[in-house]
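Have a look at query_32.cif below; it lists mmCIF, C-alpha atoms.
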```cif
data_input
loop_
_atom_site.label_atom_id
_atom_site.label_comp_id
_atom_site.auth_asym_id
_atom_site.auth_seq_id
_atom_site.Cartn_x
_atom_site.Cartn_y
_atom_site.Cartn_z
CA MET I 1 -92.15 -2.51 -60.81
CA LYS I 2 -91.77 -5.34 -58.40
CA ARG I 3 -89.03 -6.87 -60.53
CA ASN I 4 -86.97 -3.64 -60.35
CA ASN I 5 -87.32 -3.43 -56.56
CA LEU I 6 -86.00 -6.97 -56.23
CA LYS I 7 -82.95 -6.11 -58.30
CA ILE I 8 -82.18 -3.08 -56.12
CA TYR I 9 -82.62 -5.17 -52.98
CA ASP I 10 -80.28 -7.93 -54.30
CA CYS I 11 -77.68 -5.32 -55.15
CA MET I 12 -77.77 -3.86 -51.63
CA ILE I 13 -77.32 -7.32 -50.08
CA SER I 14 -74.30 -7.98 -52.33
CA LYS I 15 -72.68 -4.70 -51.25
CA LYS I 16 -73.21 -5.53 -47.57
CA VAL I 17 -71.61 -8.97 -48.01
CA ILE I 18 -68.62 -7.40 -49.71
CA ILE I 19 -68.23 -4.79 -46.94
CA ILE I 20 -68.49 -7.44 -44.22
CA ALA I 21 -65.95 -9.63 -46.02
CA ILE I 22 -63.50 -6.71 -46.33
CA PHE I 23 -63.95 -5.88 -42.64
CA LEU I 24 -63.33 -9.49 -41.59
CA PHE I 25 -60.22 -9.65 -43.78
CA PHE I 26 -58.96 -6.44 -42.15
CA LEU I 27 -59.49 -7.87 -38.65
CA ILE I 28 -57.65 -11.07 -39.58
CA PHE I 29 -54.74 -9.04 -41.00
CA VAL I 30 -54.47 -6.88 -37.83
CA PHE I 31 -54.58 -9.97 -35.63
CA TYR I 32 -51.78 -11.50 -37.69
CA LEU I 33 -49.60 -8.41 -37.31
CA LEU I 34 -50.11 -8.30 -33.56
CA SER I 35 -49.37 -11.97 -33.01
CA ALA I 36 -46.36 -12.26 -35.33
CA LYS I 37 -42.82 -12.21 -33.75
CA PRO I 38 -40.59 -9.90 -35.75
CA LYS I 39 -37.11 -11.19 -36.50
CA LEU I 40 -34.39 -9.15 -34.80
CA PRO I 41 -31.29 -8.12 -36.73
CA SER I 42 -28.47 -10.53 -35.99
CA ARG I 43 -26.26 -7.87 -34.29
CA ILE I 44 -28.87 -7.16 -31.59
CA ILE I 45 -28.68 -9.38 -28.50
CA PRO I 46 -32.09 -9.67 -26.78
CA ARG I 47 -32.03 -8.94 -23.05
CA PRO I 48 -32.19 -12.15 -21.05
CA SER I 49 -35.15 -12.62 -18.77
CA LYS I 50 -34.78 -11.92 -15.05
CA SER I 51 -33.24 -14.90 -13.30
CA VAL I 52 -31.12 -15.89 -10.32
CA LYS I 53 -28.16 -16.19 -12.68
CA GLU I 54 -28.54 -12.58 -13.76
CA GLU I 55 -28.50 -11.34 -10.16
CA ARG I 56 -24.77 -12.10 -9.74
CA PHE I 57 -23.91 -9.61 -12.49
CA PHE I 58 -24.99 -6.65 -10.40
CA PRO I 59 -24.02 -5.05 -7.08
CA GLU I 60 -25.45 -6.56 -3.94
CA ASN I 61 -27.13 -3.25 -3.12
CA GLY I 62 -29.46 -3.88 -6.06
CA THR I 63 -28.33 -0.91 -8.14
CA LYS I 64 -28.16 -1.96 -11.77
CA MET I 65 -25.31 0.16 -13.05
CA GLY I 66 -23.77 0.04 -16.49
CA GLY I 67 -24.78 -1.84 -19.61
CA LEU I 68 -26.59 -5.02 -20.45
CA PRO I 69 -25.16 -8.18 -18.88
CA LEU I 70 -24.02 -10.81 -21.31
CA ALA I 71 -25.86 -14.10 -21.43
CA THR I 72 -22.61 -15.90 -20.59
CA PRO I 73 -20.22 -14.31 -18.03
CA VAL I 74 -16.77 -13.35 -19.28
CA GLN I 75 -14.32 -15.65 -17.54
CA LEU I 76 -10.90 -14.05 -17.14
CA ASN I 77 -7.81 -16.08 -16.38
CA ASP I 78 -5.32 -14.97 -13.73
CA SER I 79 -3.03 -13.18 -16.20
CA GLN I 80 -5.92 -11.22 -17.71
CA VAL I 81 -7.04 -10.11 -14.24
CA ILE I 82 -3.48 -9.03 -13.38
CA GLU I 83 -3.09 -7.05 -16.60
CA LYS I 84 -6.31 -5.15 -15.93
CA VAL I 85 -5.29 -4.37 -12.35
CA LEU I 86 -1.80 -3.21 -13.37
CA ALA I 87 -3.35 -0.99 -16.05
CA TRP I 88 -5.62 0.54 -13.42
CA MET I 89 -2.64 1.06 -11.07
CA ASN I 90 -0.75 2.82 -13.86
CA SER I 91 -3.73 5.15 -14.25
CA MET I 92 -3.47 6.00 -10.55
CA LYS I 93 -0.44 8.28 -10.97
CA ASP I 94 -0.02 12.02 -11.11
CA GLN I 95 2.05 14.06 -13.57
CA ASN I 96 5.19 13.30 -11.50
CA ASN I 97 4.58 9.54 -11.67
CA LEU I 98 3.70 9.38 -7.97
CA TYR I 99 1.01 6.85 -7.12
CA PHE I 100 -2.26 7.88 -5.54
CA ALA I 101 -2.99 5.91 -2.37
CA ASN I 102 -6.62 5.15 -3.21
CA ILE I 103 -9.79 6.56 -4.63
CA GLN I 104 -13.27 6.46 -3.09
CA CYS I 105 -16.37 6.62 -5.26
CA ASN I 106 -20.10 6.36 -4.72
CA SER I 107 -22.90 4.83 -6.76
CA GLU I 108 -23.42 8.16 -8.54
CA LYS I 109 -19.88 7.84 -9.93
CA GLN I 110 -18.68 10.76 -7.82
CA CYS I 111 -15.11 10.16 -6.65
CA SER I 112 -12.93 11.85 -4.04
CA ASN I 113 -9.74 13.69 -4.92
CA PRO I 114 -6.96 11.13 -4.33
CA VAL I 115 -3.75 11.90 -2.43
CA THR I 116 -0.34 10.70 -3.57
CA ASP I 117 1.84 8.40 -1.47
CA LYS I 118 5.47 8.21 -2.49
CA GLN I 119 6.02 4.91 -0.65
CA LEU I 120 3.69 3.04 -3.03
CA GLY I 121 6.26 3.11 -5.82
CA ILE I 122 8.08 0.15 -4.24
CA ILE I 123 5.08 -2.16 -3.96
CA ALA I 124 4.00 -1.19 -7.50
CA MET I 125 7.44 -2.12 -8.79
CA TRP I 126 7.21 -5.42 -6.92
CA ALA I 127 3.79 -6.13 -8.47
CA HIS I 128 5.26 -5.75 -11.96
CA TYR I 129 8.18 -7.98 -11.00
CA ILE I 130 5.94 -10.72 -9.61
CA PHE I 131 3.88 -10.67 -12.80
CA TYR I 132 7.08 -10.88 -14.84
CA LYS I 133 8.01 -14.05 -12.89
CA LYS I 134 4.63 -15.53 -13.82
CA SER I 135 4.38 -14.38 -17.44
CA ASN I 136 8.04 -14.01 -18.49
CA LYS I 137 7.00 -10.91 -20.42
CA ALA I 138 10.00 -8.75 -21.29
CA GLU I 139 7.93 -5.55 -21.11
CA GLU I 140 7.20 -6.20 -17.42
CA LEU I 141 10.89 -6.59 -16.65
CA ALA I 142 11.51 -3.33 -18.53
CA VAL I 143 8.99 -1.58 -16.28
CA VAL I 144 10.87 -2.84 -13.21
CA LYS I 145 14.19 -1.66 -14.65
CA ASN I 146 12.75 1.82 -15.16
CA HIS I 147 11.45 1.86 -11.60
CA ILE I 148 14.85 0.88 -10.21
CA ALA I 149 16.54 3.71 -12.10
CA SER I 150 13.87 6.19 -10.94
CA TYR I 151 13.94 5.21 -7.27
CA ALA I 152 17.70 4.64 -6.82
CA ASN I 153 18.34 8.09 -5.34
CA GLU I 154 15.07 8.48 -3.44
CA VAL I 155 14.69 8.32 0.33
CA TYR I 156 11.58 6.61 1.73
CA GLN I 157 9.72 6.53 5.02
CA PRO I 158 8.23 3.03 5.02
CA ASP I 159 4.87 2.32 6.61
CA PHE I 160 4.57 -1.20 5.20
CA TRP I 161 6.79 -3.90 3.70
CA HIS I 162 9.61 -2.15 1.88
CA CYS I 163 12.99 -3.93 2.10
CA ARG I 164 11.08 -7.23 2.04
CA PHE I 165 9.87 -6.36 -1.47
CA LEU I 166 13.24 -5.01 -2.56
CA TYR I 167 15.08 -8.13 -1.38
CA GLU I 168 12.72 -10.34 -3.37
CA ILE I 169 13.16 -8.20 -6.49
CA ALA I 170 16.95 -8.30 -6.06
CA SER I 171 16.88 -12.10 -6.25
CA GLU I 172 16.25 -11.87 -10.01
CA PRO I 173 19.20 -13.63 -11.75
CA SER I 174 19.13 -11.36 -14.80
CA TRP I 175 19.97 -8.16 -12.90
CA SER I 176 23.34 -6.61 -13.34
CA GLN I 177 25.43 -6.09 -10.22
CA ASN I 178 24.72 -2.37 -10.51
CA GLU I 179 20.97 -2.97 -10.47
CA LYS I 180 21.27 -5.23 -7.44
CA ASN I 181 23.32 -2.55 -5.69
CA GLN I 182 20.69 0.06 -6.52
CA LEU I 183 17.95 -2.08 -5.00
CA LYS I 184 19.98 -2.55 -1.83
CA LYS I 185 20.71 1.19 -1.73
CA ILE I 186 16.99 1.98 -1.84
CA CYS I 187 16.56 -0.29 1.18
CA ASP I 188 19.60 1.10 3.04
CA ASP I 189 18.56 4.71 2.48
CA SER I 190 15.11 4.15 4.00
CA LEU I 191 16.02 5.30 7.47
CA TYR I 192 12.77 6.77 8.72
CA TYR I 193 11.27 3.77 10.45
CA LYS I 194 8.95 4.94 13.22
CA TYR I 195 10.51 4.78 16.73
CA HIS I 196 13.58 3.20 15.16
CA ASN I 197 16.09 4.66 17.59
CA ALA I 198 14.08 3.58 20.61
CA VAL I 199 13.58 0.07 19.22
CA LYS I 200 17.22 -0.21 18.15
CA ASN I 201 18.45 0.67 21.65
CA ALA I 202 15.93 -1.45 23.55
CA LEU I 203 17.50 -4.05 25.82
CA ASN I 204 14.54 -6.35 26.39
CA ASN I 205 14.78 -8.83 23.54
CA LEU I 206 12.47 -11.60 24.73
CA GLU I 207 13.42 -15.24 24.87
CA PHE I 208 10.37 -16.06 22.81
CA ASN I 209 8.29 -18.95 24.15
CA SER I 210 5.43 -19.76 21.79
CA ASN I 211 3.42 -21.85 24.27
CA TYR I 212 3.31 -18.99 26.77
CA PHE I 213 2.25 -16.39 24.24
CA ILE I 214 -0.26 -18.66 22.48
CA ASN I 215 -1.96 -19.28 25.82
CA ALA I 216 -1.83 -15.56 26.57
CA MET I 217 -3.49 -14.79 23.24
CA LYS I 218 -6.24 -17.33 23.93
CA THR I 219 -7.34 -15.79 27.21
CA THR I 220 -9.91 -13.01 27.21
CA ASN I 221 -8.01 -10.98 29.78
CA LYS I 222 -5.51 -8.39 28.71
CA THR I 223 -1.92 -9.51 28.99
CA ILE I 224 0.60 -6.78 29.65
CA LEU I 225 3.91 -7.43 27.96
CA TYR I 226 6.54 -4.93 28.93
CA THR I 227 8.38 -3.37 26.03
CA GLU I 228 10.18 -0.05 26.09
CA ILE I 229 8.13 1.21 23.17
CA GLY I 230 4.80 -0.12 21.95
CA PRO I 231 2.31 0.72 19.19
CA LEU I 232 -0.37 3.22 20.12
CA ASN I 233 -3.02 1.89 17.74
CA GLU I 234 -3.76 -0.86 15.24
CA GLN I 235 -2.17 1.02 12.35
CA GLU I 236 1.09 1.27 14.28
CA ALA I 237 0.83 -2.43 15.16
CA LEU I 238 0.67 -3.15 11.42
CA MET I 239 3.72 -0.96 10.86
CA PHE I 240 5.69 -2.70 13.60
CA SER I 241 4.79 -6.16 12.25
CA THR I 242 5.90 -5.23 8.73
CA TYR I 243 9.00 -3.45 10.07
CA ALA I 244 10.03 -6.74 11.70
CA SER I 245 9.87 -8.42 8.29
CA ASP I 246 11.78 -5.53 6.72
CA PHE I 247 14.67 -5.84 9.16
CA ILE I 248 14.80 -9.57 8.56
CA ALA I 249 15.28 -8.69 4.87
CA LYS I 250 18.09 -6.32 5.88
CA TYR I 251 19.63 -9.12 7.95
CA ARG I 252 19.44 -11.58 5.04
CA TRP I 253 21.08 -8.98 2.81
CA THR I 254 23.94 -8.08 5.18
CA ASN I 255 24.12 -10.76 7.90
CA ILE I 256 24.49 -7.94 10.44
CA PRO I 257 23.19 -9.22 13.84
CA GLN I 258 21.86 -5.78 14.79
CA HIS I 259 19.19 -6.05 12.09
CA LEU I 260 17.93 -9.35 13.56
CA PHE I 261 17.90 -7.76 17.02
CA VAL I 262 15.81 -4.82 15.77
CA ALA I 263 13.46 -7.17 13.90
CA LYS I 264 12.78 -9.11 17.11
CA ASN I 265 12.17 -5.90 19.05
CA TYR I 266 9.65 -4.67 16.51
CA PHE I 267 7.97 -8.08 16.64
CA ASP I 268 7.82 -7.98 20.47
CA ALA I 269 6.35 -4.49 20.41
CA ALA I 270 3.65 -5.47 17.91
CA LEU I 271 2.87 -8.58 19.96
CA SER I 272 2.46 -6.44 23.08
CA TYR I 273 -0.25 -4.43 21.32
CA TYR I 274 -2.27 -7.50 20.33
CA LEU I 275 -1.95 -9.02 23.80
CA SER I 276 -3.61 -5.96 25.29
CA HIS I 277 -6.23 -5.42 22.54
CA LYS I 278 -7.78 -8.86 22.19
CA SER I 279 -11.36 -7.59 21.87
CA ASP I 280 -10.56 -5.51 18.78
CA ASN I 281 -11.13 -6.78 15.24
CA ASN I 282 -7.37 -7.15 14.71
CA VAL I 283 -7.72 -7.14 10.94
CA TYR I 284 -3.94 -6.83 10.51
CA LEU I 285 -3.03 -9.76 12.79
CA PRO I 286 -1.82 -12.03 9.92
CA TYR I 287 1.12 -9.66 9.39
CA LEU I 288 2.33 -10.51 12.90
CA GLY I 289 2.22 -14.17 11.89
CA LEU I 290 4.18 -13.39 8.73
CA ALA I 291 6.78 -11.52 10.82
CA ALA I 292 7.11 -14.56 13.10
CA LEU I 293 7.56 -16.77 10.04
CA ASP I 294 10.23 -14.44 8.63
CA ILE I 295 12.13 -14.64 11.93
CA TYR I 296 11.80 -18.43 11.87
CA LYS I 297 13.34 -18.59 8.38
CA VAL I 298 16.62 -17.06 9.55
CA THR I 299 16.76 -18.50 13.09
CA SER I 300 15.14 -21.96 12.67
CA ASN I 301 13.53 -21.29 16.06
CA GLU I 302 10.41 -23.50 16.07
CA ASN I 303 8.71 -21.18 18.57
CA TYR I 304 8.19 -18.59 15.84
CA LEU I 305 6.88 -21.20 13.41
CA ASN I 306 4.40 -22.51 16.01
CA PHE I 307 3.22 -18.99 16.74
CA ALA I 308 2.69 -18.30 13.02
CA LYS I 309 0.57 -21.48 12.79
CA PHE I 310 -1.49 -20.32 15.75
CA ILE I 311 -2.10 -16.89 14.20
CA ALA I 312 -3.31 -18.49 10.97
CA GLU I 313 -5.75 -20.66 12.89
CA GLN I 314 -6.86 -17.81 15.14
CA VAL I 315 -7.61 -15.42 12.29
CA ALA I 316 -9.37 -18.10 10.24
CA ASN I 317 -11.71 -18.74 13.19
CA MET I 318 -12.51 -15.04 13.51
CA ASN I 319 -14.27 -15.06 10.11
CA ILE I 320 -13.33 -11.43 9.56
CA ASP I 321 -15.02 -10.17 6.40
CA ASN I 322 -12.32 -7.67 5.53
CA LEU I 323 -10.41 -7.40 2.25
CA SER I 324 -7.05 -6.67 3.91
CA THR I 325 -7.39 -9.61 6.30
CA LYS I 326 -8.37 -12.03 3.53
CA ILE I 327 -5.31 -11.01 1.52
CA SER I 328 -2.81 -11.16 4.39
CA LEU I 329 -4.21 -14.48 5.70
CA SER I 330 -3.77 -15.96 2.22
CA TYR I 331 -0.11 -14.89 2.19
CA LEU I 332 0.40 -16.35 5.66
CA LYS I 333 -1.17 -19.70 4.72
CA ARG I 334 0.87 -19.91 1.55
CA GLU I 335 4.13 -19.20 3.43
CA LEU I 336 3.18 -21.82 6.02
CA PHE I 337 2.56 -24.37 3.28
CA ILE I 338 5.96 -23.63 1.71
CA ASN I 339 7.71 -24.06 5.06
CA THR I 340 5.75 -27.04 6.42
CA LYS I 341 4.34 -28.80 3.31
CA ASP I 342 1.19 -29.31 5.39
CA LYS I 343 -1.78 -29.51 2.98
CA ILE I 344 -4.06 -27.94 5.58
CA TYR I 345 -2.72 -24.59 4.36
CA LEU I 346 -3.43 -25.23 0.69
CA ASN I 347 -6.87 -23.60 0.98
CA TRP I 348 -5.21 -20.19 0.78
CA SER I 349 -5.90 -20.30 -2.95
CA SER I 350 -9.67 -20.38 -2.37
CA THR I 351 -9.42 -16.70 -1.46
CA LYS I 352 -8.61 -15.95 -5.10
CA THR I 353 -12.04 -17.24 -6.10
CA ASP I 354 -13.71 -15.21 -3.36
CA LEU I 355 -11.86 -12.03 -4.38
CA LEU I 356 -12.66 -12.46 -8.05
CA ASP I 357 -16.33 -13.26 -7.47
CA ASN I 358 -17.09 -10.56 -4.90
CA TYR I 359 -14.52 -7.74 -5.00
CA PHE I 360 -13.53 -7.39 -8.66
CA ASP I 361 -15.11 -4.38 -10.37
CA PHE I 362 -15.69 -5.85 -13.80
CA LEU I 363 -18.84 -6.49 -15.83
CA ASN I 364 -20.52 -9.83 -15.08
CA TYR I 365 -18.96 -10.20 -11.62
CA LYS I 366 -20.74 -9.64 -8.31
CA GLY I 367 -18.27 -6.91 -7.45
CA TYR I 368 -19.25 -4.86 -10.51
CA ARG I 369 -19.71 -1.22 -9.53
CA LEU I 370 -18.07 1.37 -11.80
CA ASN I 371 -16.14 -0.97 -14.11
CA LYS I 372 -12.73 0.25 -12.94
CA GLU I 373 -11.31 -3.23 -13.60
CA SER I 374 -9.66 -3.40 -10.19
CA PHE I 375 -10.56 -4.61 -6.71
CA HIS I 376 -12.51 -2.61 -4.11
CA ASN I 377 -13.77 -3.06 -0.55
CA ARG I 378 -17.20 -4.33 -1.66
CA GLY I 379 -19.02 -1.33 -0.17
CA PHE I 380 -22.73 -0.91 -0.68
CA THR I 381 -22.74 2.84 -1.27
CA THR I 382 -19.04 3.82 -1.15
CA TYR I 383 -16.35 1.88 -2.99
CA ASN I 384 -12.69 2.19 -1.99
CA TYR I 385 -10.09 1.23 -4.61
CA ASP I 386 -6.74 0.93 -2.81
CA VAL I 387 -3.44 0.73 -4.73
CA ARG I 388 -1.61 -1.26 -2.05
CA GLN I 389 -4.37 -3.85 -1.76
CA ASN I 390 -4.55 -4.21 -5.54
CA ALA I 391 -0.77 -4.69 -5.74
CA LEU I 392 -0.95 -7.43 -3.11
CA ILE I 393 -3.78 -9.08 -5.05
CA VAL I 394 -1.55 -9.03 -8.14
CA GLY I 395 0.93 -11.00 -6.02
CA LEU I 396 -1.74 -13.55 -5.06
CA PHE I 397 -2.86 -14.05 -8.65
CA SER I 398 0.76 -14.39 -9.80
CA LEU I 399 1.52 -17.25 -7.44
CA PRO I 400 1.71 -20.77 -8.90
#
```
Go ahead and render the structure in this file as C-alpha cells.
Amino acid sequence: MKRNNLKIYDCMISKKVIIIAIFLFFLIFVFYLLSAKPKLPSRIIPRPSKSVKEERFFPENGTKMGGLPLATPVQLNDSQVIEKVLAWMNSMKDQNNLYFANIQCNSEKQCSNPVTDKQLGIIAMWAHYIFYKKSNKAEELAVVKNHIASYANEVYQPDFWHCRFLYEIASEPSWSQNEKNQLKKICDDSLYYKYHNAVKNALNNLEFNSNYFINAMKTTNKTILYTEIGPLNEQEALMFSTYASDFIAKYRWTNIPQHLFVAKNYFDAALSYYLSHKSDNNVYLPYLGLAALDIYKVTSNENYLNFAKFIAEQVANMNIDNLSTKISLSYLKRELFINTKDKIYLNWSSTKTDLLDNYFDFLNYKGYRLNKESFHNRGFTTYNYDVRQNALIVGLFSLP
C-alpha cells in the first residue's frame, strides 16, 4: 500500500515540474517578444527624434502643420526656387488671365477671396524675362512674347515701377522691332500717373544739394520742403518714388527733357514727404534711393549718387524687419555696387539667404506654413502671399 502511495506522489511531483517548466518557458517567450525590435519595411521612414534641428522645419508659432519632416532638408538652388514661385504666380490668375494682388490665409488654411490687379501683368512679365536672362530657357521667352502681344493695346494706371520694367525688357537683343515698339507703346499709353498734370506743370525743380538734404534727414525735427504737390501718405510716397524712376525710363527711351523734369519733380515731392515724416517706419524709403540712383545714371550728378548711398546706410541702420524693405534695400545695394564697385554693398546677396530661410513657404524651411511654394510675410497667425513681392524676389534670385 505504501509503495503505491509513493508512486502516486512521485507522479504528482513530475506533473508540477512540467507545469512550472512550461510556465517559465512562456514567460521567457513573452519577455523576448516585448524586448525584440521589429524590423520596419524599407519604404517606411521612422520619424526622427525631437531635436533643435527639427525645430527649423516648422513655423515659429509652434504649429506643426503638414507632413513628416525629412531627416535631411531639401536644398533648392536659385532656379528651382524661381520655378516654384513663377508656378505659384501663374496660379494666381482669374479666368481672364488677370493676376490677383495677393492672398491672405490663416493657420486653419482658410484664405481670403483675392482681388485682381491689372497692373501686375507688367511685373509678372518682367519676372519671366529676368528668369529667361538667367536660365536661357526658350519657354520663358515665349511667355514674355505672349504677354507683349496681350498687353500691347491695354492702358494702365501705374502704382509702382512700370516703364522701368518695360525699358529693361525692351533691351533684349532678340526682339523684333515690332516687339520693341509694342513695349514702348505700353509705356507711352500709361498716362494715368497720380497728380501727373500738377507735377508736370510744377516750376520748382530743386537744385539738388545732397549735403543739405542728408543733414536734414539726420535731424529729428521735421523739415518742410516746399513742393506744389506732395504725397499724402506713405503709399503715395512709394508711388512718387517709383514714378520718378518710370519717367527716367521714359527719358532714356525718348531723350525728351520734359520726362527728366517730371522725374525730378516726383523725386522732390517724395523727398518732401520723408523729410516731414521722419518718425515713421518708412519701409518704402529704399525706393527713394533707387529713384535718386536712376536720376544719377542719366545726369551724372554726384549729389544723387551720394544721397542714394546715404539712404542705403540709413535704412540698414533702422533694422526694419519688413519683407518689402528687405527686398528694396537689396536692390538698392546691388545698384550701388554696380555703379560704384564698392564691395561694402556686396552684402545685398545675404538677403537671399534670409528670405529663403525665413519667408519661403516650402517643407523643411522655417517659413513653412501652407506649402504654397512662394514667399509670405512671415506672419504668426495670418500669412500674406503678395504677387508683386514674389515677382521682385524672382528678380533677386535671378541676379548673378
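When atom CA of Lys372 of chain I is paired with atom CA of Met239 of chain I, their separation reads 29.0 Å.
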Need to verify the contact set: segment 94-108 of chain I, 10 Å, only C-alpha atoms, exclusion of same-chain residues closer than 4 positions in sequence. Can you return it as a PyMOL selection string?
chain I and resi 59+61+63-65+89-90+112-121+124+150+369-370+376-377+379-390
Export of the given selection (C-alpha atoms) as a PDB file, in the frame of the given file:
```pdb
ATOM      1  CA  PRO I  59     -24.020  -5.050  -7.080  1.00  0.00           C
ATOM      2  CA  ASN I  61     -27.130  -3.250  -3.120  1.00  0.00           C
ATOM      3  CA  THR I  63     -28.330  -0.910  -8.140  1.00  0.00           C
ATOM      4  CA  LYS I  64     -28.160  -1.960 -11.770  1.00  0.00           C
ATOM      5  CA  MET I  65     -25.310   0.160 -13.050  1.00  0.00           C
ATOM      6  CA  MET I  89      -2.640   1.060 -11.070  1.00  0.00           C
ATOM      7  CA  ASN I  90      -0.750   2.820 -13.860  1.00  0.00           C
ATOM      8  CA  SER I 112     -12.930  11.850  -4.040  1.00  0.00           C
ATOM      9  CA  ASN I 113      -9.740  13.690  -4.920  1.00  0.00           C
ATOM     10  CA  PRO I 114      -6.960  11.130  -4.330  1.00  0.00           C
ATOM     11  CA  VAL I 115      -3.750  11.900  -2.430  1.00  0.00           C
ATOM     12  CA  THR I 116      -0.340  10.700  -3.570  1.00  0.00           C
ATOM     13  CA  ASP I 117       1.840   8.400  -1.470  1.00  0.00           C
ATOM     14  CA  LYS I 118       5.470   8.210  -2.490  1.00  0.00           C
ATOM     15  CA  GLN I 119       6.020   4.910  -0.650  1.00  0.00           C
ATOM     16  CA  LEU I 120       3.690   3.040  -3.030  1.00  0.00           C
ATOM     17  CA  GLY I 121       6.260   3.110  -5.820  1.00  0.00           C
ATOM     18  CA  ALA I 124       4.000  -1.190  -7.500  1.00  0.00           C
ATOM     19  CA  SER I 150      13.870   6.190 -10.940  1.00  0.00           C
ATOM     20  CA  ARG I 369     -19.710  -1.220  -9.530  1.00  0.00           C
ATOM     21  CA  LEU I 370     -18.070   1.370 -11.800  1.00  0.00           C
ATOM     22  CA  HIS I 376     -12.510  -2.610  -4.110  1.00  0.00           C
ATOM     23  CA  ASN I 377     -13.770  -3.060  -0.550  1.00  0.00           C
ATOM     24  CA  GLY I 379     -19.020  -1.330  -0.170  1.00  0.00           C
ATOM     25  CA  PHE I 380     -22.730  -0.910  -0.680  1.00  0.00           C
ATOM     26  CA  THR I 381     -22.740   2.840  -1.270  1.00  0.00           C
ATOM     27  CA  THR I 382     -19.040   3.820  -1.150  1.00  0.00           C
ATOM     28  CA  TYR I 383     -16.350   1.880  -2.990  1.00  0.00           C
ATOM     29  CA  ASN I 384     -12.690   2.190  -1.990  1.00  0.00           C
ATOM     30  CA  TYR I 385     -10.090   1.230  -4.610  1.00  0.00           C
ATOM     31  CA  ASP I 386      -6.740   0.930  -2.810  1.00  0.00           C
ATOM     32  CA  VAL I 387      -3.440   0.730  -4.730  1.00  0.00           C
ATOM     33  CA  ARG I 388      -1.610  -1.260  -2.050  1.00  0.00           C
ATOM     34  CA  GLN I 389      -4.370  -3.850  -1.760  1.00  0.00           C
ATOM     35  CA  ASN I 390      -4.550  -4.210  -5.540  1.00  0.00           C
TER      36      ASN I 390
END
```
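Here atom CA of Glu83 of chain I and atom CA of Cys111 of chain I stand 23.2 Å from one another.
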For Gln235 of chain I, find every residue with an atom within 12 Å (counting only C-alpha atoms), except residues of its own chain fewer than 3 positions away, and show them as an mmCIF file with C-alpha atoms, keeping the file's coordinate frame.
```cif
data_model
loop_
_atom_site.group_PDB
_atom_site.id
_atom_site.type_symbol
_atom_site.label_atom_id
_atom_site.label_comp_id
_atom_site.auth_asym_id
_atom_site.auth_seq_id
_atom_site.Cartn_x
_atom_site.Cartn_y
_atom_site.Cartn_z
ATOM 1 C CA ASP I 159 4.870 2.320 6.610
ATOM 2 C CA PHE I 160 4.570 -1.200 5.200
ATOM 3 C CA LYS I 194 8.950 4.940 13.220
ATOM 4 C CA GLY I 230 4.800 -0.120 21.950
ATOM 5 C CA PRO I 231 2.310 0.720 19.190
ATOM 6 C CA LEU I 232 -0.370 3.220 20.120
ATOM 7 C CA LEU I 238 0.670 -3.150 11.420
ATOM 8 C CA MET I 239 3.720 -0.960 10.860
ATOM 9 C CA PHE I 240 5.690 -2.700 13.600
ATOM 10 C CA SER I 241 4.790 -6.160 12.250
ATOM 11 C CA THR I 242 5.900 -5.230 8.730
ATOM 12 C CA ALA I 270 3.650 -5.470 17.910
ATOM 13 C CA TYR I 273 -0.250 -4.430 21.320
ATOM 14 C CA TYR I 274 -2.270 -7.500 20.330
ATOM 15 C CA ASN I 282 -7.370 -7.150 14.710
ATOM 16 C CA VAL I 283 -7.720 -7.140 10.940
ATOM 17 C CA TYR I 284 -3.940 -6.830 10.510
ATOM 18 C CA LEU I 285 -3.030 -9.760 12.790
ATOM 19 C CA TYR I 287 1.120 -9.660 9.390
#
```
query: Can you list, as a ChimeraX atom specification, the residues that the PyMOL selection byres ((chain I and resi 271) around 12) selects here?
result: /I:206,208,210,213-214,216-217,223-227,229-231,234,236-241,244,264-270,272-278,282,284-289,291-292,307-308,311
Taking the file as shown, what set of residues would the PyMOL selection byres ((chain I and resi 158) around 8) give back, as number ranges by chain?
-> I: 119, 156-157, 159-162, 190, 192-193
Nearest to Asp294 of chain I, restricted to all atoms listed in the file and choosing among I:Trp88, I:Phe247, I:Phe261, I:Phe310, comes out as I:Phe247
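As for atom CA of Asn319 of chain I and atom CA of Thr219 of chain I, they are spaced 18.5 Å apart.
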(message) So that I can check the surroundings of Asn178 of chain I, please list as a list of chain:residue names every protein, DNA and RNA residue that reaches within 12 Å of it, counting all atoms listed in the file and ignoring chain neighbours fewer than 3 positions away.
(response) I:Lys145, I:Ile148, I:Ala149, I:Ala152, I:Ala170, I:Ser174, I:Trp175, I:Asn181, I:Gln182, I:Leu183, I:Lys184, I:Lys185
message: Applying 12 Å and all atoms listed in the file, which residues near Tyr331 of chain I remain after dropping the ones on its own chain fewer than 5 positions away? List them as an NGL selection string.
response: :I and (286-291 or 293 or 308 or 312 or 324-326 or 336-338 or 345-352 or 392-397 or 399)
The residue from I:Val199, I:Ile344, I:Ile82, I:Ile20 with the smallest atom-to-atom distance to Phe375 of chain I, counting all atoms listed in the file, is I:Ile82
From the list I:Lys222, I:Leu141, I:Ser328, I:Ser176, the nearest residue to Ala316 of chain I using only C-alpha atoms is I:Ser328
Once the PyMOL selection byres ((chain I and resi 135) around 12) has been applied to the shown file, what residues remain in the selection, as a PyMOL selection string? chain I and resi 78-80+82-83+128-134+136-141+397-400
With C-alpha atoms retained, could you export that selection as a CSV table (one decimal), in the frame of the given file?
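Printed below is result28.csv as written:
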```csv
chain,number,residue,atom,x,y,z
I,78,ASP,CA,-5.3,-15.0,-13.7
I,79,SER,CA,-3.0,-13.2,-16.2
I,80,GLN,CA,-5.9,-11.2,-17.7
I,82,ILE,CA,-3.5,-9.0,-13.4
I,83,GLU,CA,-3.1,-7.0,-16.6
I,128,HIS,CA,5.3,-5.8,-12.0
I,129,TYR,CA,8.2,-8.0,-11.0
I,130,ILE,CA,5.9,-10.7,-9.6
I,131,PHE,CA,3.9,-10.7,-12.8
I,132,TYR,CA,7.1,-10.9,-14.8
I,133,LYS,CA,8.0,-14.0,-12.9
I,134,LYS,CA,4.6,-15.5,-13.8
I,136,ASN,CA,8.0,-14.0,-18.5
I,137,LYS,CA,7.0,-10.9,-20.4
I,138,ALA,CA,10.0,-8.8,-21.3
I,139,GLU,CA,7.9,-5.6,-21.1
I,140,GLU,CA,7.2,-6.2,-17.4
I,141,LEU,CA,10.9,-6.6,-16.6
I,397,PHE,CA,-2.9,-14.0,-8.6
I,398,SER,CA,0.8,-14.4,-9.8
I,399,LEU,CA,1.5,-17.2,-7.4
I,400,PRO,CA,1.7,-20.8,-8.9
```
